[in-house]
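Structure first, commentary second.
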Amino acid sequence: MVDLQGQYAKIKEVVDPSIQEVVDSAAFINGPKVHQFQKNLEDYLGVKHVIPCANGTDALQIAMMGLGLEPGDEVITADFTFAATVEVIALLKLTPVLVDVDPVTFNIDIDAIEKAITPKTKAIVPVHLFGLAADMDAIMGLAKKHNLYVIEDNAQGIGADYTHKDGSKTKTGAIGHVASTSFFPSKNLGCYGDGGAIFTNDDDLAHTIRGIVNHGMYKRYHHDVVGVNSRLDSIQAAVLDAKLPHLDDYNATRRHAAKKYTQIFKGHPKITVPTGKSTCDGICDTCDCHVFHQYTLQLEGVDRDALVAHLQANSIPCGVYYPIPLHKQKAYQDERYNEDDFQVTNRLVESVISLPMHTELDDEQIDFITSTVLNFINSNS
Ligand SMILES: *Cc1c(COP(=O)(O)O)cnc(C)c1O
C-alpha cells in the first residue's frame with residue numbers, strides 16, 4: 001500500500017545527517033530537534049501552537065483531557081473511521097455518540113450531528129477521513145450555536161487545505177478549538193516509528209496541554225493535574241523535520257496518482273470514484289481539499305472479496321478501510337443506537353476498497369493496477 005523504502009532512498013541524504021546529529025548530541029528526549037520541528041510545523045500549518053506527543057491516539061486523548069471534558073459528557077464522532085477516535089472517548093469515560101457519514105465525502109454527516117446533540121453534548125470530533133477536509137464551516141457553526149468544542153482528528157489529513165465559504169483557506173487542524181495528528185510511518189507525514197502532535201490556536205489550552213503531556217507538571221515536580229507521559233522523541237523529530245519541506249510535494253504526488261486513477265475509473269457503471277466537496281471533485285487544480293491518505297473506490301455489483309483475492313494474486317496490495325462500523329464493534333455497541341441511523345456506513349463497509357496510494361507510485365504501476373481491477377470487474381459481470 002505504501003513504499004517507504006523508495007521514499008527514504010530519495011531523502012536519505014537529508015534524513016541520515018539529521019538523525020546522526022541527534023545521536024551525536026545525545027539529546028534524545030526534548031532535544032532541540034523537537035523544538036525546531038515544532039516551530040517549523042507551526043509555520044507550515046499557520047497554527048499558533050504545536051505540542052508534539054508520542055502518537056496520534058495520545059494526541060486525541062490529551063486534547064480531550066486539555067478541554068476538561070468529564071465523565072458523562074457526550075462526544076459526537078463518525079461511525080466510519082479508525083477506532084482510535086472512539087477509543088479515547090470511551091477510555092476517558094466520556095460517552096461516545098457515533099453518527100453516520102456523508103455518502104459522497106465519507107466525512108461526518110452534518111444533519112446527523114445536529115440530530116445527535118443533547119444537553120450533555122460537549123464536543124464534536126470530525127475526522128478528515130482519507131485526507132479530505134470535513135465540512136468545517138458547518139461544523140464550527142453548529143459548535144458555536146450549541147456551545148461545543150471541536151476536536152479535529154487530522155491523522156489522515158495533514159497538509160490539506162479547507163476552503164471556507166468566503167474562499168479563504170485554512171490548513172486542516174488549524175480550524176477547530178484543538179486538533180490531533182499522527183506521524184505513524186504510513187501517514188502523509190510519517191516518521192520512522194511512532195509520533196503525534198496536538199495543535200491549537202488557544203494560548204491557555206496550549207499551556208494546559210504542555211503540562212498534561214509531561215505528567216501534569218507546570219513546575220518541575222509540582223503535579224497540578226493528572227497527566228500522562230507522551231513525548232515525540234528527538235530522533236523522530238529529526239526525521240519529521242527533514243521530511244516536512246517535502247510534504248507539499250508528497251501530497252501533490254498523491255493527488256497526481258489519484259487523478260490518474262480517477263481518469264481511468266470515472267464513469268464505470270460499477271465504480272464510484274472518490275470526490276471532494278460539492279464544489280470540487282477532490283482532484284481539481286485550484287484547491288488542495290483532498291490529500292489522498294487513501295484512494296477509496298465504492299463498488300456496486302462486484303464481489304469485493306473476490307476482487308481483493310484477485311489483486312493479491314497479482315501482487316497488488318489493497319485494503320478495506322473500514323470493514324466494520326464502529327457502532328457494531330463489541331467494545332462500542334450501545335443499545336441507544338438504531339440501525340436506520342447508520343445506513344451510509346453500513347453500506348460503505350460492504351462496498352469500499354482502497355488501492356495503493358503513496359508518494360512513489362508511477363504511471364506504469366497505476367496502469368497495471370487499474371487494468372487488473374477493470375479486467376476482473378468486466379469479466380465477472
Ligand atoms: C492513524 C490514526 C489515528 C491514530 O494514530 P496513531 O499514531 O496510530 O496512534 C487516529 N485517528 C485516525 C483517523 C487515524 O487514521
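In the C-alpha cells, the first chain shown is A, the next is B, and so on; residue numbers restart at 1 for each chain, and ligands run from 1 in the order shown.
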
Shell around Thr95 in chain A at 9 Å using only C-alpha atoms, local window under 6 positions removed, as a ChimeraX atom specification:
/A:71-76,89,121

Quiz prompt | Given 9 Å and only C-alpha atoms and all ligand atoms, residues near ligand 1 as a VMD selection string | solution = chain A and resid 54 to 60 81 to 86 127 to 130 153 to 157 180 to 187 194 to 196 293

Can you write just those residues out, C-alpha atoms, as a JSON list (two decimals), in the first residue's frame?
```
[["chain", "number", "residue", "atom", "x", "y", "z"],
["A", 54, "ALA", "CA", 4.01, 10.10, 21.32],
["A", 55, "ASN", "CA", 1.33, 9.11, 18.78],
["A", 56, "GLY", "CA", -1.96, 10.16, 17.22],
["A", 57, "THR", "CA", -4.10, 8.27, 19.71],
["A", 58, "ASP", "CA", -2.43, 10.01, 22.64],
["A", 59, "ALA", "CA", -2.87, 13.31, 20.83],
["A", 60, "LEU", "CA", -6.64, 12.83, 20.72],
["A", 81, "THR", "CA", -13.33, 5.93, 10.98],
["A", 82, "PHE", "CA", -10.38, 4.23, 12.63],
["A", 83, "ALA", "CA", -11.17, 3.01, 16.15],
["A", 84, "ALA", "CA", -8.67, 5.30, 17.88],
["A", 85, "THR", "CA", -11.13, 8.16, 17.63],
["A", 86, "VAL", "CA", -13.84, 6.46, 19.66],
["A", 127, "VAL", "CA", -12.16, 13.18, 11.11],
["A", 128, "HIS", "CA", -10.68, 14.39, 7.82],
["A", 129, "LEU", "CA", -11.14, 10.88, 6.53],
["A", 130, "PHE", "CA", -8.81, 9.53, 3.84],
["A", 153, "ASP", "CA", -8.79, 14.32, 14.08],
["A", 154, "ASN", "CA", -6.27, 15.26, 11.40],
["A", 155, "ALA", "CA", -4.31, 11.99, 11.40],
["A", 156, "GLN", "CA", -5.15, 11.41, 7.73],
["A", 157, "GLY", "CA", -5.40, 15.00, 6.52],
["A", 180, "SER", "CA", -4.64, 15.95, 16.73],
["A", 181, "THR", "CA", -2.43, 14.26, 14.18],
["A", 182, "SER", "CA", -0.36, 11.11, 13.82],
["A", 183, "PHE", "CA", 3.10, 10.64, 12.35],
["A", 184, "PHE", "CA", 2.71, 6.86, 12.02],
["A", 185, "PRO", "CA", 5.05, 5.80, 9.18],
["A", 186, "SER", "CA", 2.32, 5.34, 6.58],
["A", 187, "LYS", "CA", 0.56, 8.67, 7.26],
["A", 194, "ASP", "CA", 5.51, 6.40, 16.44],
["A", 195, "GLY", "CA", 4.78, 10.08, 16.77],
["A", 196, "GLY", "CA", 1.93, 12.54, 17.03],
["A", 293, "HIS", "CA", -4.21, 9.45, 2.51]]
```

Close residues, Asp43 in chain A itself excluded, 12 Å, only C-alpha atoms, min 6 positions apart in chain, as a JSON list (two decimals) with C-alpha atoms, in the first residue's frame:
```json
[["chain", "number", "residue", "atom", "x", "y", "z"],
["A", 36, "GLN", "CA", 12.81, 23.01, 15.74],
["A", 37, "PHE", "CA", 10.25, 20.67, 14.19],
["A", 49, "HIS", "CA", 0.79, 26.05, 18.97],
["A", 50, "VAL", "CA", 2.01, 22.59, 18.05],
["A", 171, "LYS", "CA", -4.99, 24.10, 6.79],
["A", 174, "ALA", "CA", -5.92, 24.83, 12.40],
["A", 199, "PHE", "CA", -2.47, 21.76, 17.51],
["A", 244, "LEU", "CA", 8.33, 18.42, 6.38],
["A", 245, "PRO", "CA", 9.72, 20.53, 3.49]]
```

Write down as JSON, numbers by chain the residues of range 99-289 of chain A whose backbone DSSP state falls under alpha helix (DSSP H). {"A": [110, 111, 112, 113, 114, 115, 116, 136, 137, 138, 139, 140, 141, 142, 143, 144, 145, 146, 203, 204, 205, 206, 207, 208, 209, 210, 211, 212, 234, 235, 236, 237, 238, 239, 240, 241, 242, 243, 247, 248, 249, 250, 251, 252, 253, 254, 255, 256, 257, 258, 259, 260, 261, 262, 263, 264, 265]}

Writing out the chosen residues with C-alpha atoms as an mmCIF file, in the first residue's frame:
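Wrote it out as again_23.cif, contents follow:
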```cif
data_model
loop_
_atom_site.group_PDB
_atom_site.id
_atom_site.type_symbol
_atom_site.label_atom_id
_atom_site.label_comp_id
_atom_site.auth_asym_id
_atom_site.auth_seq_id
_atom_site.Cartn_x
_atom_site.Cartn_y
_atom_site.Cartn_z
ATOM 1 C CA ILE A 110 -23.793 17.458 9.419
ATOM 2 C CA ASP A 111 -27.516 16.716 9.817
ATOM 3 C CA ALA A 112 -26.662 13.596 11.796
ATOM 4 C CA ILE A 113 -24.513 15.657 14.176
ATOM 5 C CA GLU A 114 -27.311 18.136 14.736
ATOM 6 C CA LYS A 115 -29.793 15.342 15.402
ATOM 7 C CA ALA A 116 -27.465 13.774 17.977
ATOM 8 C CA MET A 136 -15.584 22.646 8.873
ATOM 9 C CA ASP A 137 -17.676 25.806 8.340
ATOM 10 C CA ALA A 138 -20.832 23.835 9.019
ATOM 11 C CA ILE A 139 -19.285 22.017 11.982
ATOM 12 C CA MET A 140 -17.912 25.207 13.558
ATOM 13 C CA GLY A 141 -21.306 26.830 13.005
ATOM 14 C CA LEU A 142 -23.071 24.009 14.847
ATOM 15 C CA ALA A 143 -20.478 24.134 17.617
ATOM 16 C CA LYS A 144 -20.964 27.847 18.085
ATOM 17 C CA LYS A 145 -24.729 27.540 18.127
ATOM 18 C CA HIS A 146 -24.679 24.779 20.761
ATOM 19 C CA ASP A 203 -2.772 30.043 24.372
ATOM 20 C CA ASP A 204 -4.369 28.843 27.612
ATOM 21 C CA LEU A 205 -5.270 25.452 26.188
ATOM 22 C CA ALA A 206 -1.738 25.079 24.793
ATOM 23 C CA HIS A 207 -0.313 25.773 28.257
ATOM 24 C CA THR A 208 -2.655 23.243 29.861
ATOM 25 C CA ILE A 209 -1.763 20.603 27.260
ATOM 26 C CA ARG A 210 2.002 21.153 27.605
ATOM 27 C CA GLY A 211 1.619 20.234 31.264
ATOM 28 C CA ILE A 212 -0.601 17.232 30.588
ATOM 29 C CA SER A 234 14.234 13.610 19.145
ATOM 30 C CA ILE A 235 15.170 11.026 16.505
ATOM 31 C CA GLN A 236 11.594 11.003 15.201
ATOM 32 C CA ALA A 237 11.546 14.810 15.265
ATOM 33 C CA ALA A 238 14.765 14.787 13.216
ATOM 34 C CA VAL A 239 13.124 12.574 10.596
ATOM 35 C CA LEU A 240 9.975 14.687 10.542
ATOM 36 C CA ASP A 241 11.867 17.948 10.288
ATOM 37 C CA ALA A 242 13.791 16.582 7.306
ATOM 38 C CA LYS A 243 10.548 15.421 5.660
ATOM 39 C CA LEU A 247 5.115 17.373 2.472
ATOM 40 C CA ASP A 248 3.519 19.547 -0.206
ATOM 41 C CA ASP A 249 5.343 17.627 -2.928
ATOM 42 C CA TYR A 250 4.337 14.336 -1.358
ATOM 43 C CA ASN A 251 0.701 15.400 -1.291
ATOM 44 C CA ALA A 252 0.911 16.685 -4.879
ATOM 45 C CA THR A 253 2.259 13.293 -5.949
ATOM 46 C CA ARG A 254 -0.640 11.572 -4.211
ATOM 47 C CA ARG A 255 -3.080 13.911 -5.938
ATOM 48 C CA HIS A 256 -1.445 13.196 -9.287
ATOM 49 C CA ALA A 257 -1.857 9.458 -8.709
ATOM 50 C CA ALA A 258 -5.477 9.993 -7.618
ATOM 51 C CA LYS A 259 -6.130 11.952 -10.779
ATOM 52 C CA LYS A 260 -4.773 9.140 -12.937
ATOM 53 C CA TYR A 261 -6.857 6.553 -11.114
ATOM 54 C CA THR A 262 -9.960 8.705 -11.418
ATOM 55 C CA GLN A 263 -9.466 9.394 -15.129
ATOM 56 C CA ILE A 264 -9.446 5.672 -15.743
ATOM 57 C CA PHE A 265 -12.262 4.581 -13.405
#
```

**Prompt:** Which of these residues is nearest to Phe342 in chain A, using only C-alpha atoms: A:Ser168, A:Leu45, A:Ile108, A:Pro32?
**Reply:**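 Answer, going by the shortest atom-to-atom distance: A:Ile108.
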
message = Using DSSP assignments from the backbone, pull out every residue in range 23-162 of chain A that falls under strand (DSSP E) and give it to me as a list in words.
response = His49, Val50, Ile51, Pro52, Cys53, Glu74, Val75, Ile76, Thr77, Ala78, Thr95, Pro96, Val97, Leu98, Val99, Thr121, Lys122, Ala123, Ile124, Val125, Tyr149, Val150, Ile151, Glu152, Asp153, Asp161 and Tyr162 of chain A

Just-selected residues, N, CA, C and O atoms written as a CSV table (one decimal), in the first residue's frame:
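Saved result, out11.csv, follows:
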```csv
chain,number,residue,atom,x,y,z
A,49,HIS,N,0.1,27.0,18.1
A,49,HIS,CA,0.8,26.0,19.0
A,49,HIS,C,0.7,24.6,18.4
A,49,HIS,O,-0.3,24.1,18.1
A,50,VAL,N,1.9,24.0,18.3
A,50,VAL,CA,2.0,22.6,18.1
A,50,VAL,C,2.6,22.0,19.3
A,50,VAL,O,3.7,22.4,19.8
A,51,ILE,N,2.0,21.0,19.9
A,51,ILE,CA,2.6,20.3,21.0
A,51,ILE,C,2.8,18.8,20.6
A,51,ILE,O,1.9,18.0,20.4
A,52,PRO,N,4.1,18.5,20.4
A,52,PRO,CA,4.4,17.1,19.9
A,52,PRO,C,4.1,16.1,21.0
A,52,PRO,O,4.2,16.4,22.2
A,53,CYS,N,3.7,14.9,20.6
A,53,CYS,CA,3.5,13.8,21.6
A,53,CYS,C,3.8,12.5,21.0
A,53,CYS,O,4.3,12.4,19.9
A,74,GLU,N,-21.0,13.9,26.5
A,74,GLU,CA,-21.2,13.2,25.3
A,74,GLU,C,-20.3,13.9,24.2
A,74,GLU,O,-20.2,15.1,24.1
A,75,VAL,N,-19.7,13.0,23.4
A,75,VAL,CA,-18.8,13.5,22.4
A,75,VAL,C,-19.2,12.8,21.1
A,75,VAL,O,-19.3,11.5,21.0
A,76,ILE,N,-19.6,13.6,20.1
A,76,ILE,CA,-20.1,13.1,18.8
A,76,ILE,C,-18.9,12.8,17.8
A,76,ILE,O,-18.1,13.7,17.6
A,77,THR,N,-18.9,11.7,17.2
A,77,THR,CA,-17.9,11.4,16.2
A,77,THR,C,-18.5,10.5,15.1
A,77,THR,O,-19.6,10.0,15.3
A,78,ALA,N,-17.7,10.2,14.1
A,78,ALA,CA,-18.2,9.5,12.9
A,78,ALA,C,-18.1,8.0,13.2
A,78,ALA,O,-17.2,7.5,13.8
A,95,THR,N,-18.9,9.8,27.0
A,95,THR,CA,-19.9,9.0,26.3
A,95,THR,C,-19.7,9.2,24.8
A,95,THR,O,-20.1,10.3,24.3
A,96,PRO,N,-19.3,8.2,24.0
A,96,PRO,CA,-19.2,8.3,22.6
A,96,PRO,C,-20.6,8.3,22.0
A,96,PRO,O,-21.4,7.5,22.3
A,97,VAL,N,-20.8,9.2,21.0
A,97,VAL,CA,-22.1,9.2,20.3
A,97,VAL,C,-21.7,9.1,18.8
A,97,VAL,O,-21.2,10.1,18.2
A,98,LEU,N,-21.8,7.9,18.2
A,98,LEU,CA,-21.4,7.7,16.9
A,98,LEU,C,-22.6,8.1,15.9
A,98,LEU,O,-23.7,7.8,16.2
A,99,VAL,N,-22.2,8.8,14.9
A,99,VAL,CA,-23.2,9.2,13.9
A,99,VAL,C,-22.8,8.8,12.5
A,99,VAL,O,-21.6,8.6,12.2
A,121,THR,N,-24.1,17.0,25.4
A,121,THR,CA,-23.1,17.1,24.3
A,121,THR,C,-22.1,18.2,24.7
A,121,THR,O,-22.5,19.3,25.0
A,122,LYS,N,-20.8,17.8,24.6
A,122,LYS,CA,-19.7,18.8,24.9
A,122,LYS,C,-18.8,19.0,23.7
A,122,LYS,O,-18.1,20.0,23.6
A,123,ALA,N,-18.7,18.0,22.8
A,123,ALA,CA,-17.7,18.1,21.8
A,123,ALA,C,-18.1,17.3,20.5
A,123,ALA,O,-18.8,16.4,20.6
A,124,ILE,N,-17.5,17.8,19.4
A,124,ILE,CA,-17.7,17.1,18.1
A,124,ILE,C,-16.2,16.8,17.7
A,124,ILE,O,-15.4,17.6,17.7
A,125,VAL,N,-16.0,15.5,17.2
A,125,VAL,CA,-14.7,15.1,16.6
A,125,VAL,C,-14.9,14.8,15.2
A,125,VAL,O,-15.2,13.6,14.8
A,149,TYR,N,-17.2,22.1,21.8
A,149,TYR,CA,-15.8,22.1,21.3
A,149,TYR,C,-15.7,21.3,20.1
A,149,TYR,O,-16.4,20.3,19.9
A,150,VAL,N,-14.8,21.7,19.2
A,150,VAL,CA,-14.5,20.9,18.0
A,150,VAL,C,-13.0,20.4,18.1
A,150,VAL,O,-12.1,21.2,18.3
A,151,ILE,N,-12.9,19.1,18.1
A,151,ILE,CA,-11.5,18.5,18.1
A,151,ILE,C,-11.3,17.8,16.7
A,151,ILE,O,-12.0,16.9,16.4
A,152,GLU,N,-10.5,18.4,15.9
A,152,GLU,CA,-10.2,17.8,14.6
A,152,GLU,C,-9.3,16.6,14.7
A,152,GLU,O,-8.2,16.8,15.2
A,153,ASP,N,-9.7,15.4,14.2
A,153,ASP,CA,-8.8,14.3,14.1
A,153,ASP,C,-8.2,14.4,12.7
A,153,ASP,O,-8.8,14.0,11.7
A,161,ASP,N,-5.9,21.6,2.6
A,161,ASP,CA,-6.5,23.0,2.8
A,161,ASP,C,-8.0,22.8,2.9
A,161,ASP,O,-8.6,22.1,2.1
A,162,TYR,N,-8.6,23.6,3.8
A,162,TYR,CA,-10.0,23.7,3.8
A,162,TYR,C,-10.4,25.1,3.2
A,162,TYR,O,-9.8,26.1,3.7
```

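Distances to Pro269 in chain A were evaluated for A:Ile377, A:Pro317, A:Val225, A:Pro119 using only C-alpha atoms, and the minimum falls at A:Ile377.
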
| task | Would you please work out which residue, of A:Gln7, A:Asn147, A:Asn107, A:Asn201, is nearest to Pro274 in chain A when using only C-alpha atoms? | result |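 Result for the nearest residue to Pro274 in chain A: A:Asn107.
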
**Request:** For Ile353 in chain A, list every protein, DNA or RNA residue within 6 Å, evaluated using only C-alpha atoms, and leave out those in the same chain fewer than 2 positions away; present the list as a PyMOL selection string.
**Result:** chain A and resi 296-297+319-320

Q: Have a look at A:Cys191, A:Ile62, A:Met1, A:Gly176 and name the one nearest to Pro356 in chain A; count only C-alpha atoms.
A: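 Of A:Cys191, A:Ile62, A:Met1, A:Gly176, the one nearest Pro356 in chain A is A:Met1, counting only C-alpha atoms.
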